[in-house]
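Source file: my_file.tsv (TSV, C-alpha atoms and all ligand atoms)
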chain	number	residue	atom	x	y	z
A	266	MET	CA	20.54	-13.82	-26.39
A	267	LYS	CA	19.82	-12.45	-22.91
A	268	TRP	CA	19.61	-8.90	-21.62
A	269	ALA	CA	19.74	-7.62	-18.07
A	270	CYS	CA	20.53	-4.59	-16.01
A	271	PHE	CA	20.50	-3.28	-12.48
A	272	ILE	CA	18.52	-0.09	-11.96
A	273	THR	CA	19.92	2.11	-9.24
A	274	GLY	CA	19.17	5.70	-8.31
A	275	THR	CA	20.72	8.85	-6.94
A	276	ASP	CA	18.42	8.47	-3.93
A	277	THR	CA	15.28	6.77	-2.74
A	278	GLY	CA	12.04	7.96	-4.36
A	279	VAL	CA	13.69	9.17	-7.58
A	280	GLY	CA	11.66	6.92	-9.88
A	281	LYS	CA	13.56	3.64	-10.15
A	282	THR	CA	10.34	1.63	-10.08
A	283	ILE	CA	8.61	3.80	-12.67
A	284	VAL	CA	11.62	3.73	-15.02
A	285	THR	CA	11.99	-0.05	-14.57
A	286	ALA	CA	8.28	-0.59	-15.14
A	287	ALA	CA	8.34	1.58	-18.27
A	288	LEU	CA	11.33	-0.31	-19.69
A	289	ALA	CA	9.70	-3.63	-18.81
A	290	ALA	CA	6.46	-2.68	-20.56
A	291	ALA	CA	8.36	-1.54	-23.67
A	292	LEU	CA	10.35	-4.79	-23.76
A	293	VAL	CA	7.14	-6.81	-23.43
A	294	GLN	CA	5.76	-4.89	-26.39
A	295	ARG	CA	8.79	-6.07	-28.38
A	296	GLY	CA	7.75	-9.63	-27.69
A	297	LEU	CA	10.36	-10.41	-25.05
A	298	ARG	CA	9.76	-12.41	-21.87
A	299	VAL	CA	10.65	-9.98	-19.13
A	300	GLY	CA	11.59	-11.03	-15.62
A	301	VAL	CA	11.76	-8.47	-12.86
A	302	MET	CA	13.36	-8.46	-9.47
A	303	LYS	CA	13.42	-6.29	-6.36
A	304	PRO	CA	15.90	-8.31	-4.32
A	305	ALA	CA	15.11	-6.56	-1.04
A	306	GLU	CA	12.03	-4.45	-0.52
A	307	THR	CA	11.33	-2.67	2.75
A	308	ASP	CA	8.17	-1.10	4.14
A	309	CYS	CA	6.18	-4.28	3.48
A	310	PRO	CA	3.45	-4.67	6.13
A	311	PRO	CA	4.33	-7.79	8.16
A	312	GLU	CA	0.83	-9.25	7.83
A	313	GLN	CA	1.11	-9.06	4.03
A	314	GLY	CA	4.74	-10.08	3.52
A	315	ARG	CA	5.66	-10.30	-0.16
A	316	GLU	CA	2.08	-9.55	-1.20
A	317	GLY	CA	2.60	-6.09	0.29
A	318	ALA	CA	5.80	-5.45	-1.68
A	319	HIS	CA	4.46	-2.63	-3.86
A	320	ASP	CA	7.52	-2.18	-6.08
A	321	ALA	CA	7.75	-5.89	-6.80
A	322	GLN	CA	4.02	-6.06	-7.53
A	323	LEU	CA	4.09	-3.04	-9.87
A	324	LEU	CA	7.11	-4.39	-11.73
A	325	ARG	CA	5.52	-7.82	-12.10
A	326	TRP	CA	2.37	-6.25	-13.48
A	327	ALA	CA	4.22	-3.99	-15.95
A	328	ALA	CA	6.41	-6.88	-17.12
A	329	ARG	CA	3.49	-9.33	-17.28
A	330	CYS	CA	5.83	-11.52	-15.29
A	331	THR	CA	4.24	-14.61	-13.77
A	332	ALA	CA	7.32	-15.74	-11.85
A	333	PRO	CA	6.53	-16.43	-8.18
A	334	LEU	CA	6.92	-13.53	-5.77
A	335	GLU	CA	9.49	-15.65	-3.91
A	336	LEU	CA	11.84	-15.16	-6.88
A	337	VAL	CA	10.87	-11.58	-7.66
A	338	VAL	CA	11.28	-10.32	-4.09
A	339	PRO	CA	13.31	-12.81	-2.06
A	340	TYR	CA	13.42	-10.42	0.90
A	341	ALA	CA	10.27	-8.48	1.88
A	342	LEU	CA	11.01	-6.61	5.09
A	343	PRO	CA	8.68	-4.61	7.33
A	344	LEU	CA	10.41	-1.44	8.52
A	345	PRO	CA	11.04	1.46	6.10
A	346	LEU	CA	14.82	1.43	6.58
A	347	ALA	CA	17.82	0.48	4.47
A	348	PRO	CA	17.51	-3.27	3.82
A	349	ALA	CA	20.41	-4.19	6.11
A	350	LEU	CA	18.76	-2.35	9.00
A	351	SER	CA	15.25	-3.51	8.22
A	352	ALA	CA	16.55	-7.10	8.09
A	353	GLU	CA	18.36	-6.67	11.41
A	354	GLU	CA	15.18	-5.36	13.03
A	355	ALA	CA	13.23	-8.33	11.65
A	356	GLY	CA	15.87	-10.87	12.68
A	357	VAL	CA	16.43	-11.82	9.04
A	358	THR	CA	19.81	-12.56	7.46
A	359	ILE	CA	20.02	-11.41	3.85
A	360	GLU	CA	22.15	-13.82	1.82
A	361	LEU	CA	23.59	-12.66	-1.50
A	362	ALA	CA	23.79	-16.29	-2.59
A	363	GLU	CA	19.99	-16.56	-2.26
A	364	ILE	CA	19.50	-13.44	-4.39
A	365	VAL	CA	21.90	-14.86	-6.98
A	366	ARG	CA	19.93	-18.11	-7.02
A	367	CYS	CA	16.64	-16.25	-7.65
A	368	TYR	CA	18.24	-14.09	-10.33
A	369	ARG	CA	19.67	-17.09	-12.14
A	370	GLU	CA	16.30	-18.79	-12.15
A	371	LEU	CA	14.65	-15.68	-13.58
A	372	LEU	CA	17.37	-15.38	-16.20
A	373	GLU	CA	16.87	-18.98	-17.25
A	374	THR	CA	13.15	-18.50	-17.84
A	375	HIS	CA	13.09	-14.99	-19.35
A	376	ASP	CA	14.81	-13.11	-22.17
A	377	VAL	CA	15.41	-10.02	-20.07
A	378	VAL	CA	15.80	-9.50	-16.33
A	379	LEU	CA	15.53	-6.04	-14.79
A	380	VAL	CA	16.71	-5.77	-11.19
A	381	GLU	CA	15.70	-2.74	-9.13
A	382	GLY	CA	17.95	-1.76	-6.24
A	383	ALA	CA	16.71	-0.18	-3.02
A	384	GLY	CA	17.54	3.48	-2.44
A	385	GLY	CA	20.91	4.50	-3.89
A	386	LEU	CA	24.17	2.78	-4.78
A	387	LEU	CA	25.83	2.49	-1.37
A	388	VAL	CA	22.77	1.59	0.63
A	389	PRO	CA	23.72	-1.31	2.93
A	390	LEU	CA	22.12	-4.57	1.90
A	391	THR	CA	23.84	-6.69	4.53
A	392	ALA	CA	26.29	-5.93	7.34
A	393	GLN	CA	29.12	-6.16	4.80
A	394	GLN	CA	27.60	-5.51	1.39
A	395	THR	CA	26.01	-2.62	-0.44
A	396	MET	CA	23.65	-2.43	-3.43
A	397	LEU	CA	26.73	-1.91	-5.59
A	398	ASP	CA	28.24	-5.12	-4.25
A	399	LEU	CA	25.05	-6.89	-5.32
A	400	ALA	CA	25.17	-5.43	-8.85
A	401	VAL	CA	28.84	-6.45	-9.13
A	402	THR	CA	28.09	-9.95	-7.83
A	403	LEU	CA	25.29	-10.36	-10.38
A	404	GLU	CA	27.70	-9.01	-13.05
A	405	LEU	CA	25.11	-6.51	-14.16
A	406	PRO	CA	25.56	-3.17	-15.89
A	407	LEU	CA	23.96	-0.24	-14.09
A	408	LEU	CA	21.37	2.26	-15.14
A	409	VAL	CA	21.15	5.29	-12.84
A	410	VAL	CA	17.82	7.04	-12.31
A	411	ALA	CA	18.13	10.67	-11.29
A	412	ARG	CA	15.46	13.17	-10.31
A	413	ASN	CA	15.43	16.48	-12.15
A	414	VAL	CA	16.05	18.84	-9.24
A	415	LEU	CA	18.81	21.18	-8.14
A	416	GLY	CA	21.66	18.90	-7.02
A	417	VAL	CA	21.20	16.25	-9.69
A	418	ILE	CA	24.54	17.01	-11.36
A	419	ASN	CA	26.44	16.24	-8.17
A	420	HIS	CA	24.31	13.23	-7.24
A	421	SER	CA	24.59	11.73	-10.72
A	422	CYS	CA	28.33	12.34	-11.08
A	423	LEU	CA	29.00	10.87	-7.61
A	424	THR	CA	26.96	7.77	-8.37
A	425	VAL	CA	28.57	7.26	-11.78
A	426	ALA	CA	32.09	7.87	-10.41
A	427	VAL	CA	31.73	5.28	-7.65
A	428	ALA	CA	29.91	2.74	-9.81
A	429	SER	CA	32.32	3.02	-12.75
A	430	ARG	CA	35.17	1.77	-10.59
A	431	ARG	CA	33.53	-1.63	-10.36
A	432	THR	CA	30.95	-2.10	-13.11
A	433	ARG	CA	29.74	-0.78	-16.43
A	434	VAL	CA	27.41	2.19	-16.23
A	435	LEU	CA	24.98	2.34	-19.15
A	436	GLY	CA	23.80	5.86	-18.45
A	437	VAL	CA	21.60	8.17	-16.46
A	438	VAL	CA	17.84	8.51	-16.90
A	439	LEU	CA	16.59	11.95	-15.96
A	440	ASN	CA	13.16	11.50	-14.42
A	441	HIS	CA	10.31	13.76	-13.30
A	442	PRO	CA	8.54	12.29	-10.25
A	443	VAL	CA	6.58	15.55	-10.02
A	444	PRO	CA	5.21	17.72	-12.84
A	445	LEU	CA	7.77	19.93	-14.56
A	446	ASP	CA	8.22	23.36	-12.99
A	447	GLU	CA	9.32	25.49	-15.94
A	448	SER	CA	10.01	28.42	-13.64
A	449	ASP	CA	12.86	26.49	-11.96
A	450	PRO	CA	16.11	27.32	-13.81
A	451	ALA	CA	17.84	24.16	-12.55
A	452	VAL	CA	15.10	21.99	-13.98
A	453	ARG	CA	15.50	23.71	-17.36
A	454	ARG	CA	19.30	23.38	-17.44
A	455	ASN	CA	19.89	19.95	-15.85
A	456	ALA	CA	19.68	17.82	-19.00
A	457	ASP	CA	22.28	19.91	-20.81
A	458	ALA	CA	24.43	20.07	-17.71
A	459	LEU	CA	24.42	16.29	-17.32
A	460	ARG	CA	25.40	15.88	-20.99
A	461	ARG	CA	28.27	18.25	-20.32
A	462	TRP	CA	29.60	16.98	-17.00
A	463	CYS	CA	28.37	13.46	-16.42
A	464	PRO	CA	30.58	11.06	-18.39
A	465	VAL	CA	27.89	8.57	-19.45
A	466	PRO	CA	24.99	8.77	-21.93
A	467	LEU	CA	21.86	10.57	-20.80
A	468	TYR	CA	18.52	8.87	-21.47
A	469	GLY	CA	15.13	10.50	-21.26
A	470	PRO	CA	14.01	12.76	-19.85
A	471	LEU	CA	11.15	10.62	-18.66
A	472	PRO	CA	8.33	13.15	-18.24
A	473	HIS	CA	5.93	13.14	-15.34
A	474	LEU	CA	3.19	10.68	-16.29
A	475	ALA	CA	-0.21	11.80	-15.07
A	476	ASP	CA	-1.48	8.36	-15.99
A	477	LEU	CA	0.47	5.25	-14.97
A	478	SER	CA	-1.53	2.88	-17.18
A	479	GLU	CA	0.14	0.06	-19.09
A	480	GLU	CA	-0.26	2.07	-22.31
A	481	ALA	CA	1.35	5.20	-20.84
A	482	LEU	CA	4.25	3.21	-19.35
A	483	THR	CA	4.80	1.32	-22.61
A	484	ALA	CA	4.89	4.54	-24.62
A	485	ALA	CA	7.28	6.21	-22.15
A	486	GLY	CA	9.46	3.11	-21.99
A	487	SER	CA	9.64	2.88	-25.78
A	488	ARG	CA	11.00	6.42	-25.92
A	489	LEU	CA	13.68	5.50	-23.36
A	490	LEU	CA	14.64	2.18	-24.88
A	491	SER	CA	17.08	3.16	-27.61
A	492	ALA	CA	19.04	0.57	-29.55
A	493	LYS	CA	22.13	1.74	-27.65
A	494	LEU	CA	20.54	1.11	-24.28
A	495	LEU	CA	19.35	-2.35	-25.27
A	496	GLU	CA	22.78	-3.14	-26.70
A	497	GLY	CA	24.34	-2.12	-23.38
A	498	MET	CA	22.04	-4.53	-21.58
A	499	ALA	CA	23.11	-7.50	-23.70
A	500	LEU	CA	24.89	-10.05	-21.54
A	501	ASP	CA	28.15	-11.25	-22.99
A	502	ILE	CA	27.67	-14.58	-21.29
A	503	ALA	CA	25.81	-17.67	-22.36
A	504	GLU	CA	22.43	-17.98	-20.72
A	505	GLY	CA	22.85	-17.60	-17.00
A	506	GLU	CA	26.51	-18.67	-17.00
A	507	GLY	CA	29.30	-16.58	-15.64
A	508	ILE	CA	27.56	-15.14	-12.62
A	509	ALA	CA	30.13	-15.24	-9.86
A	510	ALA	CA	29.72	-18.60	-8.20
A	511	GLU	CA	31.36	-17.27	-5.10
A	512	ALA	CA	28.60	-14.71	-4.60
A	513	ALA	CA	29.66	-13.39	-1.24
A	514	ALA	CA	33.35	-13.57	-1.99
A	515	ALA	CA	33.04	-11.22	-4.96
A	516	ALA	CA	31.47	-8.50	-2.86
A	517	GLY	CA	33.27	-5.84	-0.94
A	518	GLU	CA	36.16	-5.18	-3.35
A	519	GLY	CA	37.09	-1.65	-4.13
A	520	ILE	CA	34.44	0.16	-2.15
A	521	PRO	CA	35.17	0.87	1.47
A	522	THR	CA	32.13	-0.71	3.05
A	523	GLU	CA	33.77	-0.82	6.51
A	524	PRO	CA	32.92	2.78	7.41
A	525	LEU	CA	29.27	1.93	6.87
A	526	ASN	CA	29.59	-0.94	9.30
A	527	ASP	CA	31.63	1.06	11.80
A	528	ALA	CA	29.06	3.82	11.67
A	529	GLY	CA	26.38	1.35	12.64
A	530	ALA	CA	28.44	-0.26	15.40
B	601	LIG	N1	7.83	9.88	-14.36
B	601	LIG	C1	6.93	9.80	-13.38
B	601	LIG	N2	5.64	10.12	-13.59
B	601	LIG	C2	4.73	10.05	-12.59
B	601	LIG	N3	5.01	9.67	-11.35
B	601	LIG	C3	6.29	9.33	-11.07
B	601	LIG	C4	7.32	9.36	-12.06
B	601	LIG	N4	8.47	8.99	-11.49
B	601	LIG	C5	8.19	8.71	-10.22
B	601	LIG	N5	6.89	8.93	-9.95
B	601	LIG	C6	6.22	8.78	-8.64
B	601	LIG	O1	7.13	9.22	-7.64
B	601	LIG	C7	7.15	8.34	-6.53
B	601	LIG	C8	8.55	7.74	-6.37
B	601	LIG	O2	8.85	6.97	-7.53
B	601	LIG	P1	9.39	5.47	-7.42
B	601	LIG	O3	8.56	4.70	-6.46
B	601	LIG	O4	9.52	4.93	-8.79
B	601	LIG	O5	10.83	5.77	-6.78
B	601	LIG	P2	11.95	4.71	-6.40
B	601	LIG	O6	13.26	5.32	-6.73
B	601	LIG	O7	11.63	3.42	-7.01
B	601	LIG	O8	11.79	4.63	-4.80
B	601	LIG	P3	12.32	3.45	-3.81
B	601	LIG	O9	13.70	3.85	-3.40
B	601	LIG	O10	11.32	3.53	-2.69
B	601	LIG	O11	12.26	2.16	-4.54
B	601	LIG	C9	6.06	7.29	-6.80
B	601	LIG	O12	4.86	7.72	-6.21
B	601	LIG	C10	5.92	7.30	-8.31
B	601	LIG	O13	4.66	6.91	-8.76
B	602	MG	MG	11.17	1.62	-6.08
Please render this file's structure as structure tokens.
Amino acid sequence: MKWACFITGTDTGVGKTIVTAALAAALVQRGLRVGVMKPAETDCPPEQGREGAHDAQLLRWAARCTAPLELVVPYALPLPLAPALSAEEAGVTIELAEIVRCYRELLETHDVVLVEGAGGLLVPLTAQQTMLDLAVTLELPLLVVARNVLGVINHSCLTVAVASRRTRVLGVVLNHPVPLDESDPAVRRNADALRRWCPVPLYGPLPHLADLSEEALTAAGSRLLSAKLLEGMALDIAEGEGIAAEAAAAAGEGIPTEPLNDAGA
């Protein structure tokens, strides 16, 4: 049995890495071999390359994953831009087929693979493909991380609506990147509002963790990791089989990626 999912967010900086790390630590505690992946990480100092990929490094640590950084973060790019733009600036061509190859290798050697996107769902990964295209190509269900602020209902519903057209959405995790402000009425009402208006299960909330130790992440991840969530992550394919062989060909269906490209032209 294998489990995997793609962790996306309503925006950059919403807590995808923390949620992924917490889930990874909780899965490790259950005795599973956890592989992690950040297919394209930006803002990696050029002199450090993959070593400077902070998300990938944090995920690897939380998952106790010893897979080489080349598999965990196939593309480590310098400028803090969307991956497609950061790659263009660096003269790098991001190939979905290469990401698929790394993912398959991780899936072969681990029980679970957690893949963290960059930014939100429609962030351009290549000139033609978005993060959603990548999740669809990898045939992964999505988990959406959302930040508990005013606006989260709209951001979550938009993300779920677009994603649901092309892949399975496991749910939304309501996260607190900053300490809870009880005086903010939106913060108090958002969880109930998401249950009411967002058509997928709500997980969490993941509280603000003052301490990001392995113990704290494991405890927080264990509270998130319900049987339902784990069941949703179960791959209905035999180990590593079934991932679209035609990686690039599978991308681009359903979502109008052209406007993104036109906008950049
Ligand atoms: N629940 C939490 N408790 C404490 N700190 C948090 C929590 N969630 C997020 N943070 C902090 O908020 C910041 C943004 O979180 P994180 O890096 O996980 O976002 P992200 O969605 O992965 O961003 P990116 O798009 O850059 O990958 C980080 O400094 C992180 O440590
Ligand atoms: Mg991150």
Shell of 9 Å around ligand LIG 601 (chain B) (all atoms listed in the file), written as a PyMOL selection string: chain A and resi 273-286+303+306-308+319-320+381-385+410-412+440-444+470-477+485
With C-alpha atoms kept, could you save the residues just selected as a PDB file, in the coordinates of the input?
ATOM      1  CA  THR A 273      19.920   2.110  -9.240  1.00  0.00           C
ATOM      2  CA  GLY A 274      19.170   5.700  -8.310  1.00  0.00           C
ATOM      3  CA  THR A 275      20.720   8.850  -6.940  1.00  0.00           C
ATOM      4  CA  ASP A 276      18.420   8.470  -3.930  1.00  0.00           C
ATOM      5  CA  THR A 277      15.280   6.770  -2.740  1.00  0.00           C
ATOM      6  CA  GLY A 278      12.040   7.960  -4.360  1.00  0.00           C
ATOM      7  CA  VAL A 279      13.690   9.170  -7.580  1.00  0.00           C
ATOM      8  CA  GLY A 280      11.660   6.920  -9.880  1.00  0.00           C
ATOM      9  CA  LYS A 281      13.560   3.640 -10.150  1.00  0.00           C
ATOM     10  CA  THR A 282      10.340   1.630 -10.080  1.00  0.00           C
ATOM     11  CA  ILE A 283       8.610   3.800 -12.670  1.00  0.00           C
ATOM     12  CA  VAL A 284      11.620   3.730 -15.020  1.00  0.00           C
ATOM     13  CA  THR A 285      11.990  -0.050 -14.570  1.00  0.00           C
ATOM     14  CA  ALA A 286       8.280  -0.590 -15.140  1.00  0.00           C
ATOM     15  CA  LYS A 303      13.420  -6.290  -6.360  1.00  0.00           C
ATOM     16  CA  GLU A 306      12.030  -4.450  -0.520  1.00  0.00           C
ATOM     17  CA  THR A 307      11.330  -2.670   2.750  1.00  0.00           C
ATOM     18  CA  ASP A 308       8.170  -1.100   4.140  1.00  0.00           C
ATOM     19  CA  HIS A 319       4.460  -2.630  -3.860  1.00  0.00           C
ATOM     20  CA  ASP A 320       7.520  -2.180  -6.080  1.00  0.00           C
ATOM     21  CA  GLU A 381      15.700  -2.740  -9.130  1.00  0.00           C
ATOM     22  CA  GLY A 382      17.950  -1.760  -6.240  1.00  0.00           C
ATOM     23  CA  ALA A 383      16.710  -0.180  -3.020  1.00  0.00           C
ATOM     24  CA  GLY A 384      17.540   3.480  -2.440  1.00  0.00           C
ATOM     25  CA  GLY A 385      20.910   4.500  -3.890  1.00  0.00           C
ATOM     26  CA  VAL A 410      17.820   7.040 -12.310  1.00  0.00           C
ATOM     27  CA  ALA A 411      18.130  10.670 -11.290  1.00  0.00           C
ATOM     28  CA  ARG A 412      15.460  13.170 -10.310  1.00  0.00           C
ATOM     29  CA  ASN A 440      13.160  11.500 -14.420  1.00  0.00           C
ATOM     30  CA  HIS A 441      10.310  13.760 -13.300  1.00  0.00           C
ATOM     31  CA  PRO A 442       8.540  12.290 -10.250  1.00  0.00           C
ATOM     32  CA  VAL A 443       6.580  15.550 -10.020  1.00  0.00           C
ATOM     33  CA  PRO A 444       5.210  17.720 -12.840  1.00  0.00           C
ATOM     34  CA  PRO A 470      14.010  12.760 -19.850  1.00  0.00           C
ATOM     35  CA  LEU A 471      11.150  10.620 -18.660  1.00  0.00           C
ATOM     36  CA  PRO A 472       8.330  13.150 -18.240  1.00  0.00           C
ATOM     37  CA  HIS A 473       5.930  13.140 -15.340  1.00  0.00           C
ATOM     38  CA  LEU A 474       3.190  10.680 -16.290  1.00  0.00           C
ATOM     39  CA  ALA A 475      -0.210  11.800 -15.070  1.00  0.00           C
ATOM     40  CA  ASP A 476      -1.480   8.360 -15.990  1.00  0.00           C
ATOM     41  CA  LEU A 477       0.470   5.250 -14.970  1.00  0.00           C
ATOM     42  CA  ALA A 485       7.280   6.210 -22.150  1.00  0.00           C
TER      43      ALA A 485
END
Set the distance at 10 Å and use all atoms listed in the file: which residues neighbour Val337 in chain A once local chain neighbours fewer than 6 positions away are removed? I'd like the list as a ChimeraX atom specification. /A:300-305,315,318,321-322,324-325,330-331,364,367-368,371,380
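Residue nearest Leu386 in chain A within the list A:Phe271, A:Gln313, A:Ser478, A:Asn455: A:Phe271 [criterion: smallest interatomic distance, all atoms listed in the file].
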When distances are computed from all atoms listed in the file, which of A:Gly486, A:Gly436, A:Pro311, A:Gly416 shows the smallest separation from Pro464 in chain A? A:Gly436
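Rounded to one decimal, CA of Ile272 in chain A and CA of Asn419 in chain A lie 18.5 Å from each other.
Of the residues under consideration (A:Leu350, A:Arg366, A:Leu459, A:Leu323), A:Leu459 shows the shortest atom-to-atom contact distance to Cys422 in chain A when counting all atoms listed in the file.
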Fewer than 6 positions away in the same chain doesn't count, so skip those; otherwise give me all residues within 8 Å of range 487-493 of chain A, counting only C-alpha atoms, as a list in words. Ala287, Leu288, Ala291, Leu292, Tyr468, Gly469 and Leu471 of chain A
Sel. within 10 Å of pt (11.5, -5.2, 4.7), counting all atoms listed in the file, output as a compact mmCIF listing (two decimals) with C-alpha atoms, in the frame of the given file:
# COMPACT_ATOMS: atom_id res chain seq x y z
CA ALA A 305 15.11 -6.56 -1.04
CA GLU A 306 12.03 -4.45 -0.52
CA THR A 307 11.33 -2.67 2.75
CA ASP A 308 8.17 -1.10 4.14
CA CYS A 309 6.18 -4.28 3.48
CA PRO A 310 3.45 -4.67 6.13
CA PRO A 311 4.33 -7.79 8.16
CA GLY A 314 4.74 -10.08 3.52
CA ARG A 315 5.66 -10.30 -0.16
CA GLY A 317 2.60 -6.09 0.29
CA ALA A 318 5.80 -5.45 -1.68
CA TYR A 340 13.42 -10.42 0.90
CA ALA A 341 10.27 -8.48 1.88
CA LEU A 342 11.01 -6.61 5.09
CA PRO A 343 8.68 -4.61 7.33
CA LEU A 344 10.41 -1.44 8.52
CA PRO A 345 11.04 1.46 6.10
CA LEU A 346 14.82 1.43 6.58
CA ALA A 347 17.82 0.48 4.47
CA PRO A 348 17.51 -3.27 3.82
CA ALA A 349 20.41 -4.19 6.11
CA LEU A 350 18.76 -2.35 9.00
CA SER A 351 15.25 -3.51 8.22
CA ALA A 352 16.55 -7.10 8.09
CA GLU A 353 18.36 -6.67 11.41
CA GLU A 354 15.18 -5.36 13.03
CA ALA A 355 13.23 -8.33 11.65
CA VAL A 357 16.43 -11.82 9.04
